[in-house]
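Visitor: Okay, handing you the structure first.
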Amino acid sequence: MDDFLGQLAAATPVPGGGSAACYAAALAVALGEMVVGLGAKKQGIRSPLKVSLAAHRRWFKAAAKADAESFRAVLAAYRLAKDDAKRPQAIGDALRGAARSPLSMMARMVRAKSDILASRELCPKSALSDWRAALVLLNAALAVAVENVRVNLDGASQRQDLEESLNNLQRAYGQLSDG
């Protein structure tokens, strides 16, 4: 985590907000894992939610790197010579790719939120603030992902399907009540 924070603090464009959103989401599901672990232990049961939340956590950690790579492609496209006839298309395609990354994060956040909400049943009273913190972190991660999609859509090629995906994912996430 210290390495990531140092990279994030550096005066470079990568990693940026998308990677930070992934780490916030990873923190959220890690708190969900803790809540499930505490509740399952107290009740003497095993919960499949722990496995699911751990899978989300690993996915978000890997997605942070993938998001950084997608933005590196944008930077490379902008570095093409301004008089290069291929530059506008390269930028549009790179921005499209950079918009897909936070869209995939958002799709995973929908599933992660569903699992965190389901973990409430196992949440001991002493861990309720941790459960709520998980939702706050995941909501913040989603807000950042939305912003990243929007900024990349500005110059993305063939953006209509991306806008539709954004709207659908925001709606799906919003339909999951925060309990």
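The chains in the structure tokens are called A, B, ... from first to last as shown; in each chain the residues are counted from 1, and the ligands are counted from 1 in the order shown.
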Excluding same-chain residues fewer than 6 positions from Ala107 in chain A, what lies within 9 Å of it counting only C-alpha atoms, as number ranges by chain?

Guide: A: 169, 172-173

Visitor: Any chance you could tabulate, as a tab-separated table, the residues of range 47-107 of chain A at most 10 Å from range 113-122 of chain A with each one's nearest atom pair and distance in Å to one decimal, using only C-alpha atoms, in chain and rising number order?

Guide:
residue	atom	partner	partner_atom	distance
A:Ser47	CA	A:Leu122	CA	8.9
A:Pro48	CA	A:Asp115	CA	9.9
A:Leu49	CA	A:Asp115	CA	6.5
A:Lys50	CA	A:Ser119	CA	8.8
A:Ser52	CA	A:Asp115	CA	7.5
A:Leu53	CA	A:Asp115	CA	6.9
A:His56	CA	A:Asp115	CA	9.5

Visitor: Any chance you can output those residues with C-alpha atoms as a PDB file, in the first residue's frame?

Guide:
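Saved the output as result-v3.pdb:
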ATOM      1  CA  SER A  47     -20.396 -17.985   4.647  1.00  0.00           C
ATOM      2  CA  PRO A  48     -19.851 -18.036   0.883  1.00  0.00           C
ATOM      3  CA  LEU A  49     -19.873 -14.241   1.041  1.00  0.00           C
ATOM      4  CA  LYS A  50     -16.351 -14.288   2.454  1.00  0.00           C
ATOM      5  CA  SER A  52     -17.042 -13.736  -2.974  1.00  0.00           C
ATOM      6  CA  LEU A  53     -15.802 -10.596  -1.227  1.00  0.00           C
ATOM      7  CA  HIS A  56     -13.822  -8.803  -5.461  1.00  0.00           C
TER       8      HIS A  56
END

Visitor: Interatomic distance between CA of Leu31 in chain A and CA of Asp130 in chain A?

Guide: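 CA of Leu31 in chain A sits 6.2 Å away from CA of Asp130 in chain A.
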
Visitor: To one decimal in Å, tell me the separation between CA of Ala63 in chain A and CA of Leu80 in chain A.

Guide: 26.5 Å

Visitor: With distances taken over only C-alpha atoms, which of A:Trp59, A:Trp131, A:Phe71, A:Phe4 is nearest to Gly39 in chain A?

Guide: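 Looking only at the distances to Gly39 in chain A, the closest residue turns out to be A:Trp131.
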
Visitor: List as a list in words the protein and nucleic acid residues near range 41-45 of chain A, meaning an atom at most 9 Å away when only C-alpha atoms are counted, but skip any in the same chain fewer than 4 places from it.

Guide: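 That gives Val36, Gly37, Leu122 and Pro124 of chain A.
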
Visitor: Would you pick out the contacts of Gln170 in chain A at 8 Å or less, using only C-alpha atoms, so that residues sharing its chain but fewer than 4 positions from it are not included, and give the list as a JSON list (two decimals) with C-alpha atoms, in the first residue's frame?

Guide:
[["chain", "number", "residue", "atom", "x", "y", "z"],
["A", 106, "MET", "CA", -18.58, -0.06, -12.01],
["A", 166, "LEU", "CA", -22.69, 4.26, -17.88],
["A", 174, "GLY", "CA", -28.51, 3.03, -7.37]]

Visitor: For range 148-160 of chain A, find every residue with an atom within 6 Å (counting only C-alpha atoms), except residues of its own chain fewer than 5 positions away, and show them as a VMD selection string.

Guide: chain A and resid 92 to 93 95 to 96 99

Visitor: Could the residues in this selection be written to a file with C-alpha atoms, as a tab-separated table (two decimals), in the first residue's frame?

Guide:
chain	number	residue	atom	x	y	z
A	92	GLY	CA	-10.46	8.72	-29.73
A	93	ASP	CA	-9.73	5.00	-29.56
A	95	LEU	CA	-10.08	7.45	-24.71
A	96	ARG	CA	-12.68	4.80	-25.54
A	99	ALA	CA	-13.61	4.79	-20.51

Visitor: Could you tell me which of A:Met105, A:Asp83, A:Met34, A:Gly16 comes closest to Glu69 in chain A if we count only C-alpha atoms?

Guide: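 Closest residue, counting only C-alpha atoms: A:Gly16.
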